[in-house]
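Coordinates from structure02.pdb are shown below (PDB, C-alpha atoms).
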```pdb
MODEL        1
ATOM      1  CA  MET A 104     -41.610 104.809  10.281
ATOM      2  CA  ALA A 105     -40.702 102.883  13.266
ATOM      3  CA  GLU A 106     -42.485  99.897  11.948
ATOM      4  CA  PRO A 107     -40.234  99.390   8.963
ATOM      5  CA  LYS A 108     -37.246  99.304  11.276
ATOM      6  CA  GLN A 109     -38.851  96.552  13.259
ATOM      7  CA  ASP A 110     -39.657  94.622  10.090
ATOM      8  CA  ASN A 111     -36.101  95.038   8.913
ATOM      9  CA  PHE A 112     -34.865  93.896  12.283
ATOM     10  CA  LEU A 113     -37.104  90.840  12.170
ATOM     11  CA  GLU A 114     -36.103  90.183   8.610
ATOM     12  CA  GLY A 115     -32.462  90.441   9.652
ATOM     13  CA  ILE A 116     -33.023  87.979  12.478
ATOM     14  CA  SER A 117     -34.966  85.723  10.160
ATOM     15  CA  ASP A 118     -32.244  85.931   7.487
ATOM     16  CA  SER A 119     -29.604  85.312  10.104
ATOM     17  CA  GLN A 120     -31.583  82.320  11.445
ATOM     18  CA  ASP A 121     -32.045  80.938   7.912
ATOM     19  CA  ALA A 122     -28.332  81.290   7.286
ATOM     20  CA  GLN A 123     -27.553  79.438  10.507
ATOM     21  CA  ASP A 124     -30.108  76.766   9.665
ATOM     22  CA  GLN A 125     -28.656  76.398   6.201
ATOM     23  CA  GLU A 126     -25.153  76.249   7.632
ATOM     24  CA  GLU A 127     -26.282  73.567  10.095
ATOM     25  CA  LEU A 128     -27.923  71.663   7.258
ATOM     26  CA  ILE A 129     -24.727  71.918   5.239
ATOM     27  CA  ASN A 130     -22.744  70.711   8.270
ATOM     28  CA  ILE A 131     -25.197  67.832   8.743
ATOM     29  CA  ASP A 132     -24.984  67.031   5.036
ATOM     30  CA  GLU A 133     -21.177  67.038   5.288
ATOM     31  CA  GLU A 134     -21.345  64.752   8.341
ATOM     32  CA  VAL A 135     -23.716  62.409   6.491
ATOM     33  CA  VAL A 136     -21.354  62.399   3.538
ATOM     34  CA  GLN A 137     -18.442  61.707   5.912
ATOM     35  CA  PHE A 138     -20.386  58.880   7.571
ATOM     36  CA  ASP A 139     -21.242  57.491   4.138
ATOM     37  CA  GLU A 140     -17.562  57.659   3.180
ATOM     38  CA  ILE A 141     -16.578  55.982   6.446
ATOM     39  CA  ASP A 142     -19.172  53.263   5.869
ATOM     40  CA  ALA A 143     -17.907  52.793   2.319
ATOM     41  CA  ILE A 144     -14.322  52.585   3.563
ATOM     42  CA  ARG A 145     -15.353  50.082   6.254
ATOM     43  CA  ALA A 146     -17.197  47.977   3.683
ATOM     44  CA  GLU A 147     -14.172  48.070   1.390
ATOM     45  CA  ARG A 148     -11.912  47.145   4.329
ATOM     46  CA  ASP A 149     -14.175  44.230   5.239
ATOM     47  CA  ASP A 150     -14.192  43.099   1.608
ATOM     48  CA  TYR A 151     -10.396  43.198   1.459
ATOM     49  CA  ARG A 152     -10.159  41.394   4.816
ATOM     50  CA  ASP A 153     -12.496  38.679   3.505
ATOM     51  CA  LYS A 154     -10.460  38.316   0.309
ATOM     52  CA  PHE A 155      -7.237  38.195   2.336
ATOM     53  CA  MET A 156      -8.592  35.506   4.676
ATOM     54  CA  ARG A 157      -9.793  33.427   1.717
ATOM     55  CA  ALA A 158      -6.425  33.770  -0.011
ATOM     56  CA  LEU A 159      -4.677  32.806   3.228
ATOM     57  CA  ALA A 160      -6.929  29.741   3.605
ATOM     58  CA  ASP A 161      -6.329  28.767  -0.040
ATOM     59  CA  ALA A 162      -2.573  29.081   0.444
ATOM     60  CA  GLU A 163      -2.716  26.938   3.597
ATOM     61  CA  ASN A 164      -4.824  24.301   1.814
ATOM     62  CA  ALA A 165      -2.402  24.271  -1.119
ATOM     63  CA  ARG A 166       0.511  23.842   1.292
ATOM     64  CA  LYS A 167      -1.222  20.942   3.037
ATOM     65  CA  ARG A 168      -2.112  19.302  -0.297
ATOM     66  CA  ALA A 169       1.454  19.667  -1.540
ATOM     67  CA  ASP A 170       2.799  18.225   1.711
ATOM     68  CA  LYS A 171       0.404  15.255   1.461
ATOM     69  CA  ASP A 172       1.303  14.710  -2.206
ATOM     70  CA  ARG A 173       5.009  14.835  -1.336
ATOM     71  CA  ARG A 174       4.569  12.247   1.455
ATOM     72  CA  GLU A 175       2.538   9.968  -0.835
ATOM     73  CA  ALA A 176       5.110  10.285  -3.609
ATOM     74  CA  GLU A 177       7.854   9.503  -1.126
ATOM     75  CA  ASN A 178       6.037   6.473   0.282
ATOM     76  CA  PHE A 179       4.365   5.098  -2.830
ATOM     77  CA  GLY A 180       6.501   6.439  -5.680
ATOM     78  CA  GLY A 181       8.489   3.218  -5.846
ATOM     79  CA  SER A 182       5.485   0.891  -5.890
ATOM     80  CA  LYS A 183       6.085  -0.106  -9.536
ATOM     81  CA  LEU A 184       9.688  -1.015  -8.766
ATOM     82  CA  SER A 185       8.531  -2.830  -5.639
ATOM     83  CA  ARG A 186       6.071  -4.928  -7.661
ATOM     84  CA  ASP A 187       8.841  -5.757 -10.130
ATOM     85  CA  LEU A 188      11.063  -7.019  -7.272
ATOM     86  CA  LEU A 189       8.450  -9.415  -5.859
ATOM     87  CA  PRO A 190       9.157 -12.195  -8.411
ATOM     88  CA  ILE A 191      12.825 -12.051  -7.387
ATOM     89  CA  TYR A 192      11.751 -12.663  -3.793
ATOM     90  CA  ASP A 193       9.577 -15.579  -4.947
ATOM     91  CA  ASN A 194      12.423 -17.133  -6.957
ATOM     92  CA  LEU A 195      14.918 -16.828  -4.094
ATOM     93  CA  LYS A 196      12.414 -18.450  -1.748
ATOM     94  CA  ARG A 197      11.825 -21.300  -4.211
ATOM     95  CA  ALA A 198      15.578 -21.793  -4.620
ATOM     96  CA  ILE A 199      16.020 -22.120  -0.844
ATOM     97  CA  GLU A 200      13.084 -24.544  -0.574
ATOM     98  CA  ALA A 201      14.334 -26.626  -3.517
ATOM     99  CA  ALA A 202      17.837 -26.941  -2.059
ATOM    100  CA  GLY A 203      16.468 -28.476   1.118
ATOM    101  CA  GLU A 204      18.674 -30.599   3.341
ATOM    102  CA  GLU A 205      20.026 -32.890   0.624
ATOM    103  CA  THR A 206      22.828 -30.634  -0.528
ATOM    104  CA  GLY A 207      26.487 -31.471  -0.620
ATOM    105  CA  GLU A 208      29.233 -29.419   1.004
ATOM    106  CA  ASN A 209      29.709 -27.214  -2.089
ATOM    107  CA  ALA A 210      26.001 -26.623  -2.528
ATOM    108  CA  LYS A 211      25.617 -25.576   1.147
ATOM    109  CA  ALA A 212      27.737 -22.482   0.469
ATOM    110  CA  LEU A 213      25.549 -21.644  -2.509
ATOM    111  CA  VAL A 214      22.360 -22.092  -0.459
ATOM    112  CA  GLU A 215      23.827 -19.961   2.321
ATOM    113  CA  GLY A 216      24.598 -17.203  -0.209
ATOM    114  CA  VAL A 217      21.051 -17.349  -1.547
ATOM    115  CA  GLU A 218      19.678 -17.162   2.028
ATOM    116  CA  LEU A 219      21.856 -14.110   2.757
ATOM    117  CA  THR A 220      20.630 -12.473  -0.449
ATOM    118  CA  MET A 221      17.048 -13.242   0.566
ATOM    119  CA  ARG A 222      17.552 -11.706   4.046
ATOM    120  CA  GLU A 223      19.085  -8.591   2.508
ATOM    121  CA  LEU A 224      16.134  -8.263   0.123
ATOM    122  CA  VAL A 225      13.686  -8.624   3.042
ATOM    123  CA  ASN A 226      15.623  -5.939   4.991
ATOM    124  CA  VAL A 227      15.427  -3.568   2.014
ATOM    125  CA  PHE A 228      11.705  -4.294   1.718
ATOM    126  CA  ARG A 229      11.200  -3.518   5.419
ATOM    127  CA  LYS A 230      13.270  -0.329   5.140
ATOM    128  CA  HIS A 231      10.948   0.907   2.394
ATOM    129  CA  GLY A 232       7.678  -0.115   4.086
ATOM    130  CA  ILE A 233       7.065  -3.380   2.253
ATOM    131  CA  GLU A 234       5.710  -6.123   4.491
ATOM    132  CA  ALA A 235       4.890  -9.698   3.538
ATOM    133  CA  ILE A 236       1.381 -11.109   3.941
ATOM    134  CA  THR A 237       1.984 -14.703   4.997
ATOM    135  CA  PRO A 238      -1.281 -16.591   5.501
ATOM    136  CA  GLU A 239      -1.193 -20.035   7.087
ATOM    137  CA  VAL A 240      -3.183 -23.119   6.151
ATOM    138  CA  GLY A 241      -6.373 -23.012   8.213
ATOM    139  CA  ASP A 242      -6.641 -19.186   8.284
ATOM    140  CA  ARG A 243      -9.863 -17.591   7.059
ATOM    141  CA  PHE A 244      -9.906 -16.257   3.506
ATOM    142  CA  ASP A 245      -9.903 -12.421   3.435
ATOM    143  CA  PRO A 246     -10.680 -11.011  -0.024
ATOM    144  CA  GLN A 247      -8.996  -7.720   0.961
ATOM    145  CA  ILE A 248      -5.547  -9.340   1.141
ATOM    146  CA  HIS A 249      -5.951 -12.811  -0.429
ATOM    147  CA  GLN A 250      -6.594 -13.930  -3.992
ATOM    148  CA  ALA A 251      -8.321 -17.301  -4.388
ATOM    149  CA  MET A 252      -6.470 -19.263  -7.070
ATOM    150  CA  PHE A 253      -8.765 -22.266  -6.760
ATOM    151  CA  GLU A 254     -11.540 -23.643  -4.594
ATOM    152  CA  ALA A 255     -11.821 -27.290  -3.595
ATOM    153  CA  PRO A 256     -13.764 -29.306  -1.054
ATOM    154  CA  LEU A 257     -11.485 -30.695   1.647
ATOM    155  CA  PRO A 258     -12.832 -32.881   4.466
ATOM    156  CA  GLY A 259     -12.163 -31.519   7.932
ATOM    157  CA  THR A 260     -12.317 -27.893   6.839
ATOM    158  CA  SER A 261     -15.090 -25.366   6.615
ATOM    159  CA  ALA A 262     -15.940 -23.209   3.647
ATOM    160  CA  GLY A 263     -13.622 -20.198   3.389
ATOM    161  CA  ASP A 264     -10.590 -21.786   5.084
ATOM    162  CA  ILE A 265      -7.241 -21.489   3.354
ATOM    163  CA  ILE A 266      -6.046 -24.961   2.339
ATOM    164  CA  GLN A 267      -2.911 -24.018   0.373
ATOM    165  CA  VAL A 268      -0.638 -20.973   0.029
ATOM    166  CA  SER A 269       0.750 -20.570  -3.489
ATOM    167  CA  ALA A 270       2.507 -17.202  -3.053
ATOM    168  CA  GLU A 271       2.870 -14.626  -0.295
ATOM    169  CA  GLY A 272       1.255 -11.236  -0.659
ATOM    170  CA  PHE A 273       2.814  -7.851   0.058
ATOM    171  CA  MET A 274       1.689  -4.497   1.454
ATOM    172  CA  LEU A 275       3.411  -1.171   0.808
ATOM    173  CA  TYR A 276       2.550   0.729   3.987
ATOM    174  CA  ASP A 277      -1.252   0.591   3.891
ATOM    175  CA  ARG A 278      -1.620  -0.274   0.188
ATOM    176  CA  LEU A 279      -1.810  -3.753  -1.244
ATOM    177  CA  LEU A 280       1.031  -4.454  -3.695
ATOM    178  CA  ARG A 281       0.073  -8.041  -4.370
ATOM    179  CA  PRO A 282      -2.530 -10.258  -2.680
ATOM    180  CA  ALA A 283      -1.449 -13.573  -1.224
ATOM    181  CA  GLN A 284      -2.385 -16.332  -3.662
ATOM    182  CA  VAL A 285      -4.201 -19.133  -1.869
ATOM    183  CA  GLY A 286      -6.405 -22.172  -2.356
ATOM    184  CA  VAL A 287      -9.703 -22.023  -0.499
ATOM    185  CA  SER A 288     -11.902 -24.782   0.851
ATOM    186  CA  SER A 289     -15.434 -24.980  -0.444
ATOM    187  CA  THR A 290     -18.176 -26.688   1.481
ATOM    188  CA  PRO A 291     -17.101 -30.352   1.616
ATOM    189  CA  ALA A 292     -19.212 -32.636  -0.499
ATOM    190  CA  SER A 293     -21.253 -35.088   1.564
TER
ENDMDL
END
```
Can you dump the structure from the file as structure tokens?
Amino acid sequence: MAEPKQDNFLEGISDSQDAQDQEELINIDEEVVQFDEIDAIRAERDDYRDKFMRALADAENARKRADKDRREAENFGGSKLSRDLLPIYDNLKRAIEAAGEETGENAKALVEGVELTMRELVNVFRKHGIEAITPEVGDRFDPQIHQAMFEAPLPGTSAGDIIQVSAEGFMLYDRLLRPAQVGVSSTPAS
């Protein structure tokens, strides 16, 4: 009968070992589950971080775009009004040129008033970023800032030289409001 005791003892050790092994497996399974949960939480955190960084970049881009749009509106918002004022400049300039030196004493005061008005208009233009394009006879024609009103052969000039200035052009900061209107020399006929 001693043998059954030994078998029972071995069975008890075996059962106890199986229980420990099962407990260790359960602990390992729990650790795996915990690691899986941690990995899932990390992945979720990384996803939220990515979404946050994208939203932050989008907000910064929107701010920059709005700032650029505001600056452009500030600088170029009055371009229509500026274009409408250019004929006034042209007329004042013509009035001063037409008066010339042959004016009487009364007309000199009128011419002086027109010149003062013209200077004030030029100062307002400058204040708002409007600059005149004033080509000279003999300058090269530049299609970016000049508009050819006519082309004629003129001895002593080369093709593409400006031979007459009809009207000044104007720039609003870096944008063309109106090109200078000029006559251009063609290749002189031989």
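The smallest atom-to-atom distance between Val227 (chain A) and any of A:Glu239, A:Asp142, A:Ser185, A:Ile248, using only C-alpha atoms, is found for A:Ser185.
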Draw an axis-aligned box over all listed atoms of region 175-189 of chain A, pad each side with 5 Å, and write its centre and edge lengths in Å, one decimal, as JSON.
```
{"center_x": 6.8, "center_y": 0.4, "center_z": -4.9, "size_x": 18.5, "size_y": 29.7, "size_z": 20.4}
```
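CA of Ile233 (chain A) to CA of Glu200 (chain A) spans 22.2 Å [interatomic distance, one decimal].
Once the PyMOL selection byres ((chain A and resi 214) around 12) is applied to this file, the selection holds Leu195, Lys196, Arg197, Ala198, Ile199, Glu200, Ala201, Ala202, Gly203, Glu204, Glu205, Thr206, Gly207, Glu208, Asn209, Ala210, Lys211, Ala212, Leu213, Glu215, Gly216, Val217, Glu218, Leu219, Thr220 and Met221 of chain A.
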>> To test your reading of the syntax: which residues would the PyMOL selection byres ((chain A and resi 179) around 10) return for the file shown? Reply as a count of residues only.
In response: 17
> Taking into account all atoms listed in the file, which residue in the set A:Thr237, A:Gln247, A:Asn194, A:Gln284 is nearest to Leu224 (chain A)?
Replying inline: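 Going through A:Thr237, A:Gln247, A:Asn194, A:Gln284 one by one, the smallest distance to Leu224 (chain A) is for A:Asn194.
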> Expressed in Å to a single decimal, how great is the separation between CA of Ile144 (chain A) and CA of Gln125 (chain A)?
Replying inline: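 The value is 27.9 Å.
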> So how far away is CA of Glu223 (chain A) from CA of Ala251 (chain A), in Å?
Replying inline: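 Those two atoms sit 29.6 Å apart.
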> Care to translate the PyMOL selection byres ((chain A and resi 273) around 9) into actual residues of this file, as an MDAnalysis selection string?
Replying inline: chainID A and resid 186 189 233:237 248 271:272 274:275 278:283
> Between A:Gln137, A:Pro238, A:Ser289, A:Leu184, which has the minimum distance to Gly259 (chain A) (counting all atoms listed in the file)?
Replying inline: A:Ser289
